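Below is target_12.cif, holding mmCIF, N, CA and C atoms.
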```cif
data_start
#
loop_
_atom_site.group_PDB
_atom_site.id
_atom_site.type_symbol
_atom_site.label_atom_id
_atom_site.label_comp_id
_atom_site.auth_asym_id
_atom_site.auth_seq_id
_atom_site.Cartn_x
_atom_site.Cartn_y
_atom_site.Cartn_z
ATOM 1 N N MET A 1164 -88.806 61.919 83.628
ATOM 2 C CA MET A 1164 -88.156 61.226 82.541
ATOM 3 C C MET A 1164 -87.955 62.200 81.390
ATOM 4 N N SER A 1165 -86.806 62.130 80.795
ATOM 5 C CA SER A 1165 -86.558 62.910 79.585
ATOM 6 C C SER A 1165 -85.913 61.994 78.565
ATOM 7 N N GLY A 1166 -86.182 62.235 77.298
ATOM 8 C CA GLY A 1166 -85.588 61.395 76.265
ATOM 9 C C GLY A 1166 -86.231 60.041 76.186
ATOM 10 N N LYS A 1167 -85.377 58.997 76.134
ATOM 11 C CA LYS A 1167 -85.854 57.618 75.987
ATOM 12 C C LYS A 1167 -85.483 56.798 77.207
ATOM 13 N N GLN A 1168 -86.305 55.788 77.456
ATOM 14 C CA GLN A 1168 -86.076 54.879 78.578
ATOM 15 C C GLN A 1168 -86.555 53.495 78.172
ATOM 16 N N LYS A 1169 -85.773 52.470 78.480
ATOM 17 C CA LYS A 1169 -86.181 51.085 78.239
ATOM 18 C C LYS A 1169 -86.833 50.558 79.504
ATOM 19 N N ILE A 1170 -87.999 49.932 79.345
ATOM 20 C CA ILE A 1170 -88.660 49.300 80.489
ATOM 21 C C ILE A 1170 -89.008 47.865 80.137
ATOM 22 N N LEU A 1171 -88.988 47.033 81.141
ATOM 23 C CA LEU A 1171 -89.339 45.624 81.021
ATOM 24 C C LEU A 1171 -90.627 45.403 81.801
ATOM 25 N N VAL A 1172 -91.639 44.849 81.120
ATOM 26 C CA VAL A 1172 -92.941 44.620 81.742
ATOM 27 C C VAL A 1172 -93.398 43.216 81.390
ATOM 28 N N ASP A 1173 -93.534 42.371 82.402
ATOM 29 C CA ASP A 1173 -94.040 41.011 82.209
ATOM 30 C C ASP A 1173 -93.282 40.276 81.101
ATOM 31 N N GLY A 1174 -91.971 40.456 81.053
ATOM 32 C CA GLY A 1174 -91.133 39.769 80.085
ATOM 33 C C GLY A 1174 -91.046 40.441 78.723
ATOM 34 N N GLU A 1175 -91.716 41.549 78.536
ATOM 35 C CA GLU A 1175 -91.708 42.280 77.269
ATOM 36 C C GLU A 1175 -90.921 43.583 77.437
ATOM 37 N N THR A 1176 -90.200 43.965 76.387
ATOM 38 C CA THR A 1176 -89.373 45.163 76.431
ATOM 39 C C THR A 1176 -89.992 46.265 75.584
ATOM 40 N N PHE A 1177 -90.056 47.453 76.154
ATOM 41 C CA PHE A 1177 -90.578 48.634 75.485
ATOM 42 C C PHE A 1177 -89.579 49.778 75.617
ATOM 43 N N ILE A 1178 -89.502 50.602 74.583
ATOM 44 C CA ILE A 1178 -88.765 51.853 74.647
ATOM 45 C C ILE A 1178 -89.805 52.958 74.775
ATOM 46 N N VAL A 1179 -89.707 53.719 75.865
ATOM 47 C CA VAL A 1179 -90.621 54.824 76.114
ATOM 48 C C VAL A 1179 -89.898 56.112 75.728
ATOM 49 N N THR A 1180 -90.534 56.881 74.852
ATOM 50 C CA THR A 1180 -89.969 58.153 74.403
ATOM 51 C C THR A 1180 -90.908 59.277 74.790
ATOM 52 N N ARG A 1181 -90.374 60.239 75.494
ATOM 53 C CA ARG A 1181 -91.174 61.412 75.872
ATOM 54 C C ARG A 1181 -91.198 62.372 74.698
ATOM 55 N N ARG A 1182 -92.397 62.719 74.228
ATOM 56 C CA ARG A 1182 -92.551 63.650 73.105
ATOM 57 C C ARG A 1182 -92.866 65.055 73.581
ATOM 58 N N GLY A 1183 -93.316 65.171 74.791
ATOM 59 C CA GLY A 1183 -93.683 66.454 75.389
ATOM 60 C C GLY A 1183 -94.214 66.178 76.776
ATOM 61 N N ARG A 1184 -94.521 67.210 77.501
ATOM 62 C CA ARG A 1184 -95.021 67.009 78.868
ATOM 63 C C ARG A 1184 -96.314 66.195 78.828
ATOM 64 N N GLY A 1185 -96.249 65.001 79.406
ATOM 65 C CA GLY A 1185 -97.419 64.125 79.474
ATOM 66 C C GLY A 1185 -97.716 63.351 78.205
ATOM 67 N N ILE A 1186 -96.828 63.420 77.193
ATOM 68 C CA ILE A 1186 -97.054 62.724 75.919
ATOM 69 C C ILE A 1186 -95.910 61.734 75.700
ATOM 70 N N TYR A 1187 -96.266 60.457 75.497
ATOM 71 C CA TYR A 1187 -95.264 59.403 75.385
ATOM 72 C C TYR A 1187 -95.582 58.447 74.241
ATOM 73 N N ASN A 1188 -94.527 57.961 73.607
ATOM 74 C CA ASN A 1188 -94.621 56.861 72.649
ATOM 75 C C ASN A 1188 -94.028 55.624 73.304
ATOM 76 N N TYR A 1189 -94.648 54.473 73.061
ATOM 77 C CA TYR A 1189 -94.190 53.193 73.597
ATOM 78 C C TYR A 1189 -93.941 52.257 72.421
ATOM 79 N N GLU A 1190 -92.688 51.892 72.191
ATOM 80 C CA GLU A 1190 -92.355 50.966 71.109
ATOM 81 C C GLU A 1190 -92.104 49.592 71.710
ATOM 82 N N TRP A 1191 -92.809 48.599 71.217
ATOM 83 C CA TRP A 1191 -92.729 47.224 71.709
ATOM 84 C C TRP A 1191 -91.585 46.524 70.991
ATOM 85 N N VAL A 1192 -90.391 46.643 71.505
ATOM 86 C CA VAL A 1192 -89.212 46.136 70.800
ATOM 87 C C VAL A 1192 -89.071 44.614 70.868
ATOM 88 N N SER A 1193 -89.676 43.964 71.838
ATOM 89 C CA SER A 1193 -89.604 42.504 71.917
ATOM 90 C C SER A 1193 -90.816 41.834 71.268
ATOM 91 N N GLY A 1194 -91.723 42.632 70.741
ATOM 92 C CA GLY A 1194 -92.945 42.090 70.137
ATOM 93 C C GLY A 1194 -92.696 41.521 68.752
ATOM 94 N N PRO A 1195 -93.688 40.833 68.217
ATOM 95 C CA PRO A 1195 -93.534 40.156 66.932
ATOM 96 C C PRO A 1195 -93.599 41.080 65.713
ATOM 97 N N ASN A 1196 -94.006 42.329 65.913
ATOM 98 C CA ASN A 1196 -94.195 43.254 64.795
ATOM 99 C C ASN A 1196 -93.306 44.481 64.975
ATOM 100 N N SER A 1197 -92.265 44.566 64.178
ATOM 101 C CA SER A 1197 -91.291 45.643 64.271
ATOM 102 C C SER A 1197 -91.952 47.015 64.219
ATOM 103 N N GLY A 1198 -91.571 47.875 65.155
ATOM 104 C CA GLY A 1198 -92.080 49.240 65.175
ATOM 105 C C GLY A 1198 -93.468 49.408 65.769
ATOM 106 N N TYR A 1199 -94.081 48.322 66.220
ATOM 107 C CA TYR A 1199 -95.447 48.392 66.740
ATOM 108 C C TYR A 1199 -95.433 48.894 68.179
ATOM 109 N N GLY A 1200 -96.480 49.594 68.550
ATOM 110 C CA GLY A 1200 -96.614 50.092 69.907
ATOM 111 C C GLY A 1200 -97.812 51.010 70.004
ATOM 112 N N PHE A 1201 -97.711 51.990 70.879
ATOM 113 C CA PHE A 1201 -98.835 52.904 71.090
ATOM 114 C C PHE A 1201 -98.325 54.217 71.655
ATOM 115 N N SER A 1202 -99.194 55.215 71.658
ATOM 116 C CA SER A 1202 -98.897 56.521 72.241
ATOM 117 C C SER A 1202 -99.903 56.794 73.343
ATOM 118 N N SER A 1203 -99.513 57.674 74.246
ATOM 119 C CA SER A 1203 -100.384 58.009 75.359
ATOM 120 C C SER A 1203 -100.155 59.464 75.757
ATOM 121 N N ALA A 1204 -101.228 60.128 76.153
ATOM 122 C CA ALA A 1204 -101.138 61.507 76.629
ATOM 123 C C ALA A 1204 -102.021 61.648 77.856
ATOM 124 N N SER A 1205 -101.601 62.479 78.772
ATOM 125 C CA SER A 1205 -102.406 62.712 79.970
ATOM 126 C C SER A 1205 -102.945 64.145 79.956
ATOM 127 N N HIS A 1206 -104.099 64.305 80.558
ATOM 128 C CA HIS A 1206 -104.688 65.630 80.692
ATOM 129 C C HIS A 1206 -105.177 65.792 82.117
ATOM 130 N N PRO A 1207 -104.723 66.786 82.842
ATOM 131 C CA PRO A 1207 -103.753 67.777 82.411
ATOM 132 C C PRO A 1207 -102.379 67.138 82.207
ATOM 133 N N ALA A 1208 -101.589 67.778 81.361
ATOM 134 C CA ALA A 1208 -100.258 67.261 81.037
ATOM 135 C C ALA A 1208 -99.430 67.123 82.306
ATOM 136 N N ALA A 1209 -98.896 65.920 82.495
ATOM 137 C CA ALA A 1209 -98.063 65.664 83.675
ATOM 138 C C ALA A 1209 -97.080 64.557 83.344
ATOM 139 N N ASP A 1210 -95.908 64.652 83.928
ATOM 140 C CA ASP A 1210 -94.930 63.586 83.752
ATOM 141 C C ASP A 1210 -95.418 62.343 84.482
ATOM 142 N N ARG A 1211 -95.022 61.175 83.981
ATOM 143 C CA ARG A 1211 -95.448 59.910 84.572
ATOM 144 C C ARG A 1211 -94.304 59.247 85.318
ATOM 145 N N ALA A 1212 -94.666 58.566 86.384
ATOM 146 C CA ALA A 1212 -93.705 57.764 87.135
ATOM 147 C C ALA A 1212 -93.534 56.423 86.429
ATOM 148 N N ASP A 1213 -92.450 55.720 86.735
ATOM 149 C CA ASP A 1213 -92.179 54.426 86.098
ATOM 150 C C ASP A 1213 -93.351 53.463 86.238
ATOM 151 N N GLU A 1214 -93.976 53.409 87.396
ATOM 152 C CA GLU A 1214 -95.091 52.467 87.577
ATOM 153 C C GLU A 1214 -96.273 52.837 86.690
ATOM 154 N N GLU A 1215 -96.478 54.109 86.430
ATOM 155 C CA GLU A 1215 -97.551 54.524 85.528
ATOM 156 C C GLU A 1215 -97.263 54.071 84.098
ATOM 157 N N HIS A 1216 -95.997 54.109 83.694
ATOM 158 C CA HIS A 1216 -95.627 53.584 82.374
ATOM 159 C C HIS A 1216 -95.911 52.085 82.319
ATOM 160 N N ARG A 1217 -95.554 51.374 83.371
ATOM 161 C CA ARG A 1217 -95.801 49.922 83.404
ATOM 162 C C ARG A 1217 -97.288 49.598 83.330
ATOM 163 N N GLU A 1218 -98.106 50.374 84.007
ATOM 164 C CA GLU A 1218 -99.558 50.164 83.951
ATOM 165 C C GLU A 1218 -100.082 50.375 82.534
ATOM 166 N N SER A 1219 -99.600 51.406 81.850
ATOM 167 C CA SER A 1219 -100.022 51.660 80.471
ATOM 168 C C SER A 1219 -99.644 50.500 79.562
ATOM 169 N N VAL A 1220 -98.444 49.981 79.745
ATOM 170 C CA VAL A 1220 -97.981 48.850 78.935
ATOM 171 C C VAL A 1220 -98.818 47.611 79.231
ATOM 172 N N ARG A 1221 -99.094 47.343 80.489
ATOM 173 C CA ARG A 1221 -99.912 46.173 80.835
ATOM 174 C C ARG A 1221 -101.302 46.281 80.215
ATOM 175 N N ASP A 1222 -101.893 47.462 80.256
ATOM 176 C CA ASP A 1222 -103.209 47.662 79.634
ATOM 177 C C ASP A 1222 -103.146 47.362 78.141
ATOM 178 N N PHE A 1223 -102.091 47.838 77.484
ATOM 179 C CA PHE A 1223 -101.890 47.581 76.061
ATOM 180 C C PHE A 1223 -101.770 46.087 75.795
ATOM 181 N N LEU A 1224 -100.936 45.404 76.572
ATOM 182 C CA LEU A 1224 -100.687 43.983 76.342
ATOM 183 C C LEU A 1224 -101.936 43.131 76.537
ATOM 184 N N THR A 1225 -102.842 43.531 77.420
ATOM 185 C CA THR A 1225 -104.074 42.755 77.618
ATOM 186 C C THR A 1225 -104.973 42.805 76.393
ATOM 187 N N GLU A 1226 -104.783 43.796 75.527
ATOM 188 C CA GLU A 1226 -105.611 43.948 74.329
ATOM 189 C C GLU A 1226 -104.996 43.313 73.080
ATOM 190 N N ILE A 1227 -103.838 42.698 73.222
ATOM 191 C CA ILE A 1227 -103.134 42.119 72.076
ATOM 192 C C ILE A 1227 -103.668 40.730 71.744
ATOM 193 N N ASP A 1228 -103.908 40.488 70.477
ATOM 194 C CA ASP A 1228 -104.291 39.162 69.979
ATOM 195 C C ASP A 1228 -103.019 38.326 69.892
ATOM 196 N N PRO A 1229 -102.925 37.239 70.649
ATOM 197 C CA PRO A 1229 -101.690 36.436 70.649
ATOM 198 C C PRO A 1229 -101.367 35.797 69.293
ATOM 199 N N ASP A 1230 -102.375 35.646 68.443
ATOM 200 C CA ASP A 1230 -102.146 35.044 67.122
ATOM 201 C C ASP A 1230 -101.515 36.026 66.138
ATOM 202 N N THR A 1231 -101.821 37.315 66.275
ATOM 203 C CA THR A 1231 -101.324 38.302 65.322
ATOM 204 C C THR A 1231 -100.255 39.230 65.900
ATOM 205 N N GLY A 1232 -100.293 39.427 67.221
ATOM 206 C CA GLY A 1232 -99.388 40.381 67.852
ATOM 207 C C GLY A 1232 -99.854 41.816 67.699
ATOM 208 N N TYR A 1233 -101.073 42.000 67.197
ATOM 209 C CA TYR A 1233 -101.669 43.325 67.044
ATOM 210 C C TYR A 1233 -102.876 43.430 67.975
ATOM 211 N N LEU A 1234 -103.410 44.646 68.139
ATOM 212 C CA LEU A 1234 -104.615 44.816 68.926
ATOM 213 C C LEU A 1234 -105.730 43.954 68.357
ATOM 214 N N ARG A 1235 -106.539 43.394 69.246
ATOM 215 C CA ARG A 1235 -107.679 42.575 68.827
ATOM 216 C C ARG A 1235 -108.694 43.411 68.063
ATOM 217 N N ASP A 1236 -109.324 42.812 67.083
ATOM 218 C CA ASP A 1236 -110.451 43.441 66.415
ATOM 219 C C ASP A 1236 -111.646 43.352 67.356
ATOM 220 N N THR A 1237 -112.382 44.424 67.453
ATOM 221 C CA THR A 1237 -113.552 44.392 68.344
ATOM 222 C C THR A 1237 -114.837 44.425 67.577
#
```
Please, can you express the file's structure as structure tokens?
Amino acid sequence: MSGKQKILVDGETFIVTRRGRGIYNYEWVSGPNSGYGFSSASHPAADRADEEHRESVRDFLTEIDPDTGYLRDT
């Protein structure tokens, strides 16, 4: 993957932007909070397959508080 890619995961839309080899930003464009998302990096640096991006997004979504749309306080 190079540049940006839109992915749909469990009804939610994310824009994945590659910042460098193995470094990605995920913007939750269908979420309730504009500009919210997360970043991820792999070590050793390696490009990710589409399913790996989906797994990262699913992990993120499981940590979201449905009342706020942000990560749960722990």
query = Distance CA of Thr1176 in chain A-CA of Glu1226 in chain A, one decimal place?
reply =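 Interatomic distance here is 16.4 Å.
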Apply the PyMOL selection byres (((chain A and resi 1205 and name CA) around 10) and name CA) to the file shown and report the selected residues as a short mmCIF file (atom, residue, chain, number, x, y, z; two decimals) with N, CA and C atoms, keeping the file's coordinate frame.
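Contents of out16.cif, freshly written:
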```cif
data_model
loop_
_atom_site.label_atom_id
_atom_site.label_comp_id
_atom_site.auth_asym_id
_atom_site.auth_seq_id
_atom_site.Cartn_x
_atom_site.Cartn_y
_atom_site.Cartn_z
N ARG A 1184 -94.52 67.21 77.50
CA ARG A 1184 -95.02 67.01 78.87
C ARG A 1184 -96.31 66.19 78.83
N GLY A 1185 -96.25 65.00 79.41
CA GLY A 1185 -97.42 64.12 79.47
C GLY A 1185 -97.72 63.35 78.20
N ILE A 1186 -96.83 63.42 77.19
CA ILE A 1186 -97.05 62.72 75.92
C ILE A 1186 -95.91 61.73 75.70
N TYR A 1187 -96.27 60.46 75.50
CA TYR A 1187 -95.26 59.40 75.39
C TYR A 1187 -95.58 58.45 74.24
N SER A 1203 -99.51 57.67 74.25
CA SER A 1203 -100.38 58.01 75.36
C SER A 1203 -100.16 59.46 75.76
N ALA A 1204 -101.23 60.13 76.15
CA ALA A 1204 -101.14 61.51 76.63
C ALA A 1204 -102.02 61.65 77.86
N HIS A 1206 -104.10 64.31 80.56
CA HIS A 1206 -104.69 65.63 80.69
C HIS A 1206 -105.18 65.79 82.12
N PRO A 1207 -104.72 66.79 82.84
CA PRO A 1207 -103.75 67.78 82.41
C PRO A 1207 -102.38 67.14 82.21
N ALA A 1208 -101.59 67.78 81.36
CA ALA A 1208 -100.26 67.26 81.04
C ALA A 1208 -99.43 67.12 82.31
N ALA A 1209 -98.90 65.92 82.50
CA ALA A 1209 -98.06 65.66 83.68
C ALA A 1209 -97.08 64.56 83.34
N ASP A 1210 -95.91 64.65 83.93
CA ASP A 1210 -94.93 63.59 83.75
C ASP A 1210 -95.42 62.34 84.48
N ARG A 1211 -95.02 61.18 83.98
CA ARG A 1211 -95.45 59.91 84.57
C ARG A 1211 -94.30 59.25 85.32
#
```
Please produce, as JSON lines, a per-residue contact table for range 1206-1232 of chain A versus range 1188-1200 of chain A (criterion: any atom at most 9 Å away, only C-alpha atoms considered), showing the nearest atom pair and its distance in Å to one decimal, sorted by chain then residue number.
```
{"residue": "A:His1216", "atom": "CA", "partner": "A:Tyr1189", "partner_atom": "CA", "distance": 8.9}
{"residue": "A:Val1220", "atom": "CA", "partner": "A:Tyr1189", "partner_atom": "CA", "distance": 7.9}
{"residue": "A:Phe1223", "atom": "CA", "partner": "A:Gly1200", "partner_atom": "CA", "distance": 8.5}
{"residue": "A:Thr1231", "atom": "CA", "partner": "A:Pro1195", "partner_atom": "CA", "distance": 8.2}
{"residue": "A:Gly1232", "atom": "CA", "partner": "A:Pro1195", "partner_atom": "CA", "distance": 5.9}
```
ask   = What is the distance between CA of Arg1181 in chain A and CA of Asp1236 in chain A, in Å to one decimal?
value =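 We find that CA of Arg1181 in chain A and CA of Asp1236 in chain A lie 28.0 Å from each other.
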Centre, x/y/z edge lengths, axis-aligned box for range 1172-1175 of chain A with 3 Å per side, as AutoDock Vina command-line options:
```
--center_x -92.5 --center_y 42.3 --center_z 79.8 --size_x 9.1 --size_y 11.1 --size_z 11.1
```
Please measure the separation of CA of Glu1175 in chain A and CA of Ser1202 in chain A, giving the value in Å to one decimal.
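Interatomic distance here is 16.7 Å.
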How would you write, as an MDAnalysis selection string, the set of residues in chain A that DSSP gives as alpha helix (DSSP H)? chainID A and resid 1213:1225
The PyMOL selection byres (((chain A and resi 1172 and name CA) around 9) and name CA) applied to the shown file, residues as a PDB file with N, CA and C atoms, keeping the file's coordinate frame:
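So part_19.pdb came out as:
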```pdb
ATOM      1  N   ILE A1170     -87.999  49.932  79.345  1.00  0.00           N
ATOM      2  CA  ILE A1170     -88.660  49.300  80.489  1.00  0.00           C
ATOM      3  C   ILE A1170     -89.008  47.865  80.137  1.00  0.00           C
ATOM      4  N   LEU A1171     -88.988  47.033  81.141  1.00  0.00           N
ATOM      5  CA  LEU A1171     -89.339  45.624  81.021  1.00  0.00           C
ATOM      6  C   LEU A1171     -90.627  45.403  81.801  1.00  0.00           C
ATOM      7  N   ASP A1173     -93.534  42.371  82.402  1.00  0.00           N
ATOM      8  CA  ASP A1173     -94.040  41.011  82.209  1.00  0.00           C
ATOM      9  C   ASP A1173     -93.282  40.276  81.101  1.00  0.00           C
ATOM     10  N   GLY A1174     -91.971  40.456  81.053  1.00  0.00           N
ATOM     11  CA  GLY A1174     -91.133  39.769  80.085  1.00  0.00           C
ATOM     12  C   GLY A1174     -91.046  40.441  78.723  1.00  0.00           C
ATOM     13  N   GLU A1175     -91.716  41.549  78.536  1.00  0.00           N
ATOM     14  CA  GLU A1175     -91.708  42.280  77.269  1.00  0.00           C
ATOM     15  C   GLU A1175     -90.921  43.583  77.437  1.00  0.00           C
ATOM     16  N   THR A1176     -90.200  43.965  76.387  1.00  0.00           N
ATOM     17  CA  THR A1176     -89.373  45.163  76.431  1.00  0.00           C
ATOM     18  C   THR A1176     -89.992  46.265  75.584  1.00  0.00           C
ATOM     19  N   PHE A1177     -90.056  47.453  76.154  1.00  0.00           N
ATOM     20  CA  PHE A1177     -90.578  48.634  75.485  1.00  0.00           C
ATOM     21  C   PHE A1177     -89.579  49.778  75.617  1.00  0.00           C
ATOM     22  N   ARG A1217     -95.554  51.374  83.371  1.00  0.00           N
ATOM     23  CA  ARG A1217     -95.801  49.922  83.404  1.00  0.00           C
ATOM     24  C   ARG A1217     -97.288  49.598  83.330  1.00  0.00           C
ATOM     25  N   GLU A1218     -98.106  50.374  84.007  1.00  0.00           N
ATOM     26  CA  GLU A1218     -99.558  50.164  83.951  1.00  0.00           C
ATOM     27  C   GLU A1218    -100.082  50.375  82.534  1.00  0.00           C
ATOM     28  N   VAL A1220     -98.444  49.981  79.745  1.00  0.00           N
ATOM     29  CA  VAL A1220     -97.981  48.850  78.935  1.00  0.00           C
ATOM     30  C   VAL A1220     -98.818  47.611  79.231  1.00  0.00           C
ATOM     31  N   ARG A1221     -99.094  47.343  80.489  1.00  0.00           N
ATOM     32  CA  ARG A1221     -99.912  46.173  80.835  1.00  0.00           C
ATOM     33  C   ARG A1221    -101.302  46.281  80.215  1.00  0.00           C
TER      34      ARG A1221
END
```
